[in-house]
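Visitor: The structure that follows is given in the form of structure tokens.
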Amino acid sequence: MKKHNLRGAVVAGAAAAALLLTSCGFSGGTTSGAASGSAGASAGAVTTLDMMVPSYSDGTKALWEKVIKDFEAANTDVKVNLEMQSWENIEGVLKTKIQGNKAPDIYNGGAFAEFAAEGLLAPVTDVASEATIADFQPSFADNEKVDGTQYGLPLIASARALFYNKALMKDAGVADVPKTWDELYNASKAVSEKTKSAGYGMPLGNEEAQGESLIWFAGNGGNFGNATAIEVNTPVNLEAADFMQKMIKDGVTQKDPGATQRTPMLNTFIQGKIGFAYALPQTVGQIKKENPSLEYGIAPVATKTGAPATLGVADRLMSFKNDGSKAAAVKKFMDYFFSADVYSNWVTTEGFLPTTKSGSEKMAGDETLKPFLDMLPNAVFYPTTNPAWNATDGAFKSLMGQIATGKSATDVLKEIQAKADAAK
């Protein structure tokens, strides 16, 4: 795979220079050219950690600064240099840092399997306590493993739930919130036929066709595969894709689902013009801000049989081990950050879901988030630890929308599978 070869070249350059590394910290942080200090082991020495993170919102930087300020006050032997990057730039900046032997000690990012495979990441057992590691939801922790070893500490979670318009359901004569595919089909059909609104919003444009697809696949016990094999073209996935196509052909979705992007579709739901749609925890805040009078509810994903399943998405914190001298300081920071009060405040403020059991318990009283929290243990994830995932992701975004133009679901899944197989 082309991306893997590029990473290999980067890592090879880093490895060649690794013999020159000492126990000195790496430069970086919020101030250009800021001194990183020494991570020396002498008594009273201050260990400097370089931390690089992306922006989730306008308030992300301030949130991290507050965490760091409080952490440093309680741990005077550790200093944390914070560096913010955009999601568009962060992977490129990271690559440059690796080439220059300046990988961050703490990194917030997405795919990580290649870094783990090249021996660049510290196992979580080196940088977090047993109590912290045991507190993560098992479904999230398992998604952070490569060859059985966990390298990522799940930072934030996002799951999908069924948002429904109560007023449109009433106008269409739909009494019960759908729990199964057939119930969702019938309810959406009623809304489409008896109101001027679309029944179900199905975004299969290139913004997130893979997300919509996995929601449906998971609802039939399917997925996209795992760390060792991408498995798109399977009987259970095909059955789900056929049902999606039935929804489209029978006119119970919005017009032109193949060209519909998730963001504008959800905006349409928020304006009260779609009966049902799968949305995120952040949608709750968006509704409150943009259309607080909307009569809506949140329920679990409708699946073939009604059994619980949803799409789960998570980002993670990880630690580049570098020369290994900073593991103890990283462990102090990770244990502090993932403590229930600190972590739940960070997650709540950003509008995400917690990945820890203690965080879920603290947020359990929020009724608007309860459907999401209840589904987390049954979340199905993208196989981000598979090197062929990026190609698979791109294939879904460019090809899945063809089921809305009349191309058979069988042929579409075959094409996506072929793209994934070619990327091995």
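Starting from 1 in every chain, residues are counted up; chains themselves are A, B, ... following the order of the structure tokens, and ligands are numbered from 1 as listed.
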Write out as a ChimeraX atom specification which residues come within 7 Å of Phe163 in chain A when counting only C-alpha atoms, dropping same-chain ones fewer than 4 positions away.

Guide: /A:276-279,296-299

Visitor: Would you mind reading off the distance between CA of Ala364 in chain A and CA of Leu155 in chain A, one decimal, in Å?

Guide: 17.9 Å

Visitor: Got a sec to tell me which of range 318-404 of chain A DSSP assigns to strand (DSSP E or B), as a list in words?

Guide: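 So the strand (DSSP E or B) residues in range 318-404 of chain A would be Met318, Phe320, Leu353, Thr356, Ala379, Val380 and Phe381 of chain A.
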
Visitor: Could you check which of A:Met265, A:Leu294, A:Val177, A:Ile230 is closest to Met202 in chain A, using only C-alpha atoms?

Guide: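 Among A:Met265, A:Leu294, A:Val177, A:Ile230, it is A:Met265 that comes nearest to Met202 in chain A.
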
Visitor: Name the residues in contact with Asp142 in chain A at a cut-off of 12 Å, using only C-alpha atoms, excluding same-chain residues fewer than 4 positions from it; report them as a ChimeraX atom specification.

Guide: /A:133-134,136-138,146-154,226-227,314,355,377,379-381,383-385

Visitor: Deliver the residues from the most recent selection as a file, using N, CA and C atoms, as a PDB file, in the first residue's frame.

Guide:
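Result saved to selection_27.pdb:
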ATOM      1  N   ILE A 133      -6.321   1.935  32.637  1.00  0.00           N
ATOM      2  CA  ILE A 133      -6.549   1.053  31.490  1.00  0.00           C
ATOM      3  C   ILE A 133      -7.819   0.231  31.678  1.00  0.00           C
ATOM      4  N   ALA A 134      -8.050  -0.262  32.884  1.00  0.00           N
ATOM      5  CA  ALA A 134      -9.216  -1.103  33.153  1.00  0.00           C
ATOM      6  C   ALA A 134     -10.521  -0.319  33.101  1.00  0.00           C
ATOM      7  N   PHE A 136     -11.532   1.755  30.771  1.00  0.00           N
ATOM      8  CA  PHE A 136     -12.081   1.961  29.433  1.00  0.00           C
ATOM      9  C   PHE A 136     -13.132   0.907  29.099  1.00  0.00           C
ATOM     10  N   GLN A 137     -14.147   1.336  28.351  1.00  0.00           N
ATOM     11  CA  GLN A 137     -15.132   0.386  27.853  1.00  0.00           C
ATOM     12  C   GLN A 137     -14.399  -0.660  27.012  1.00  0.00           C
ATOM     13  N   PRO A 138     -14.656  -1.938  27.209  1.00  0.00           N
ATOM     14  CA  PRO A 138     -13.932  -2.980  26.471  1.00  0.00           C
ATOM     15  C   PRO A 138     -13.997  -2.828  24.959  1.00  0.00           C
ATOM     16  N   VAL A 146      -3.097  -3.614  18.413  1.00  0.00           N
ATOM     17  CA  VAL A 146      -2.441  -4.144  17.225  1.00  0.00           C
ATOM     18  C   VAL A 146      -1.702  -5.410  17.662  1.00  0.00           C
ATOM     19  N   ASP A 147      -2.045  -6.525  17.037  1.00  0.00           N
ATOM     20  CA  ASP A 147      -1.444  -7.817  17.399  1.00  0.00           C
ATOM     21  C   ASP A 147      -1.550  -8.099  18.895  1.00  0.00           C
ATOM     22  N   GLY A 148      -2.708  -7.734  19.454  1.00  0.00           N
ATOM     23  CA  GLY A 148      -2.981  -8.044  20.848  1.00  0.00           C
ATOM     24  C   GLY A 148      -2.468  -7.048  21.862  1.00  0.00           C
ATOM     25  N   THR A 149      -1.689  -6.063  21.421  1.00  0.00           N
ATOM     26  CA  THR A 149      -1.149  -5.055  22.342  1.00  0.00           C
ATOM     27  C   THR A 149      -1.887  -3.738  22.163  1.00  0.00           C
ATOM     28  N   GLN A 150      -2.327  -3.149  23.264  1.00  0.00           N
ATOM     29  CA  GLN A 150      -3.034  -1.876  23.202  1.00  0.00           C
ATOM     30  C   GLN A 150      -2.037  -0.720  23.186  1.00  0.00           C
ATOM     31  N   TYR A 151      -2.181   0.161  22.190  1.00  0.00           N
ATOM     32  CA  TYR A 151      -1.280   1.315  22.057  1.00  0.00           C
ATOM     33  C   TYR A 151      -2.002   2.650  22.252  1.00  0.00           C
ATOM     34  N   GLY A 152      -3.307   2.669  22.064  1.00  0.00           N
ATOM     35  CA  GLY A 152      -4.043   3.918  22.187  1.00  0.00           C
ATOM     36  C   GLY A 152      -4.913   3.952  23.426  1.00  0.00           C
ATOM     37  N   LEU A 153      -5.058   5.147  24.008  1.00  0.00           N
ATOM     38  CA  LEU A 153      -5.989   5.387  25.094  1.00  0.00           C
ATOM     39  C   LEU A 153      -7.172   6.140  24.499  1.00  0.00           C
ATOM     40  N   PRO A 154      -8.340   5.501  24.381  1.00  0.00           N
ATOM     41  CA  PRO A 154      -9.483   6.134  23.704  1.00  0.00           C
ATOM     42  C   PRO A 154      -9.842   7.470  24.344  1.00  0.00           C
ATOM     43  N   ASN A 226     -11.615  -6.479  10.039  1.00  0.00           N
ATOM     44  CA  ASN A 226     -10.803  -6.286  11.236  1.00  0.00           C
ATOM     45  C   ASN A 226      -9.381  -5.902  10.852  1.00  0.00           C
ATOM     46  N   ALA A 227      -8.472  -6.020  11.783  1.00  0.00           N
ATOM     47  CA  ALA A 227      -7.095  -5.576  11.563  1.00  0.00           C
ATOM     48  C   ALA A 227      -6.380  -6.379  10.490  1.00  0.00           C
ATOM     49  N   ALA A 314     -14.005   6.648  17.441  1.00  0.00           N
ATOM     50  CA  ALA A 314     -13.192   7.105  18.567  1.00  0.00           C
ATOM     51  C   ALA A 314     -11.860   7.649  18.074  1.00  0.00           C
ATOM     52  N   THR A 355     -15.299   7.477  26.892  1.00  0.00           N
ATOM     53  CA  THR A 355     -14.878   6.113  26.567  1.00  0.00           C
ATOM     54  C   THR A 355     -14.638   5.294  27.821  1.00  0.00           C
ATOM     55  N   PRO A 377     -21.532   0.069  24.532  1.00  0.00           N
ATOM     56  CA  PRO A 377     -20.976  -1.291  24.650  1.00  0.00           C
ATOM     57  C   PRO A 377     -21.215  -2.157  23.416  1.00  0.00           C
ATOM     58  N   ALA A 379     -21.079  -0.925  20.224  1.00  0.00           N
ATOM     59  CA  ALA A 379     -20.619  -0.159  19.068  1.00  0.00           C
ATOM     60  C   ALA A 379     -19.724  -1.009  18.156  1.00  0.00           C
ATOM     61  N   VAL A 380     -19.868  -0.784  16.851  1.00  0.00           N
ATOM     62  CA  VAL A 380     -19.021  -1.411  15.838  1.00  0.00           C
ATOM     63  C   VAL A 380     -18.151  -0.313  15.232  1.00  0.00           C
ATOM     64  N   PHE A 381     -16.864  -0.597  15.054  1.00  0.00           N
ATOM     65  CA  PHE A 381     -15.909   0.426  14.648  1.00  0.00           C
ATOM     66  C   PHE A 381     -15.364   0.183  13.243  1.00  0.00           C
ATOM     67  N   PRO A 383     -12.329  -0.504  10.827  1.00  0.00           N
ATOM     68  CA  PRO A 383     -11.084  -1.267  11.058  1.00  0.00           C
ATOM     69  C   PRO A 383      -9.848  -0.416  10.789  1.00  0.00           C
ATOM     70  N   THR A 384      -9.664   0.600  11.605  1.00  0.00           N
ATOM     71  CA  THR A 384      -8.587   1.559  11.374  1.00  0.00           C
ATOM     72  C   THR A 384      -7.202   0.968  11.574  1.00  0.00           C
ATOM     73  N   THR A 385      -7.115  -0.190  12.218  1.00  0.00           N
ATOM     74  CA  THR A 385      -5.811  -0.814  12.398  1.00  0.00           C
ATOM     75  C   THR A 385      -5.410  -1.670  11.201  1.00  0.00           C
TER      76      THR A 385
END

Visitor: Report as JSON, numbers by chain: the residues of range 286-415 of chain A with a DSSP assignment of helix (DSSP H, G or I), based on the backbone of this structure.

Guide: {"A": [286, 287, 288, 289, 290, 327, 328, 329, 330, 331, 332, 333, 334, 335, 336, 337, 340, 341, 342, 343, 344, 345, 346, 347, 348, 349, 350, 357, 358, 359, 360, 361, 362, 363, 370, 371, 372, 373, 374, 375, 376, 377, 378, 389, 390, 391, 392, 393, 394, 395, 396, 397, 398, 399, 400, 401, 402, 403, 404, 409, 410, 411, 412, 413, 414, 415]}

Visitor: Interatomic distance between CA of Asp77 in chain A and CA of Asp323 in chain A?

Guide: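 Calculated distance between CA of Asp77 in chain A and CA of Asp323 in chain A is 18.9 Å.
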
Visitor: Got a sec: who's within 12 Å of Asn220 in chain A, counting only C-alpha atoms, leaving out chain neighbours fewer than 6 positions off, as a PyMOL selection string?

Guide: chain A and resi 180-181+213-214+234-244+301-310+380

Visitor: List as a VMD selection string the protein and nucleic acid residues near Ala103 in chain A, meaning an atom at most 7 Å away when only C-alpha atoms are counted, but skip any in the same chain fewer than 3 places from it.

Guide: chain A and resid 94 97 to 98 320

Visitor: Please indicate the distance in Å from CA of Asn108 in chain A to CA of Met84 in chain A, rounded to one decimal place.

Guide: 10.0 Å

Visitor: Check the smallest atom-to-atom distance from each of A:Lys66, A:Lys95, A:Lys170, A:Lys255 to Ala190 in chain A using only C-alpha atoms, then report the winner.

Guide: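 That would be A:Lys170, the residue with the smallest distance to Ala190 in chain A.
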
Visitor: What lies within 12 Å of Ile156 in chain A using only C-alpha atoms, ignoring chain neighbours under 6 positions off, as a PyMOL selection string?

Guide: chain A and resi 56+108-110+136-137+140-141+281+312-317+338+343-356+359-360+376

Visitor: So that I can check the surroundings of Asp256 in chain A, please list as a ChimeraX atom specification every protein, DNA and RNA residue that reaches within 12 Å of it, counting only C-alpha atoms and ignoring chain neighbours fewer than 2 positions away.

Guide: /A:198,201-205,245,247-249,251-254,258-261,265,401-406
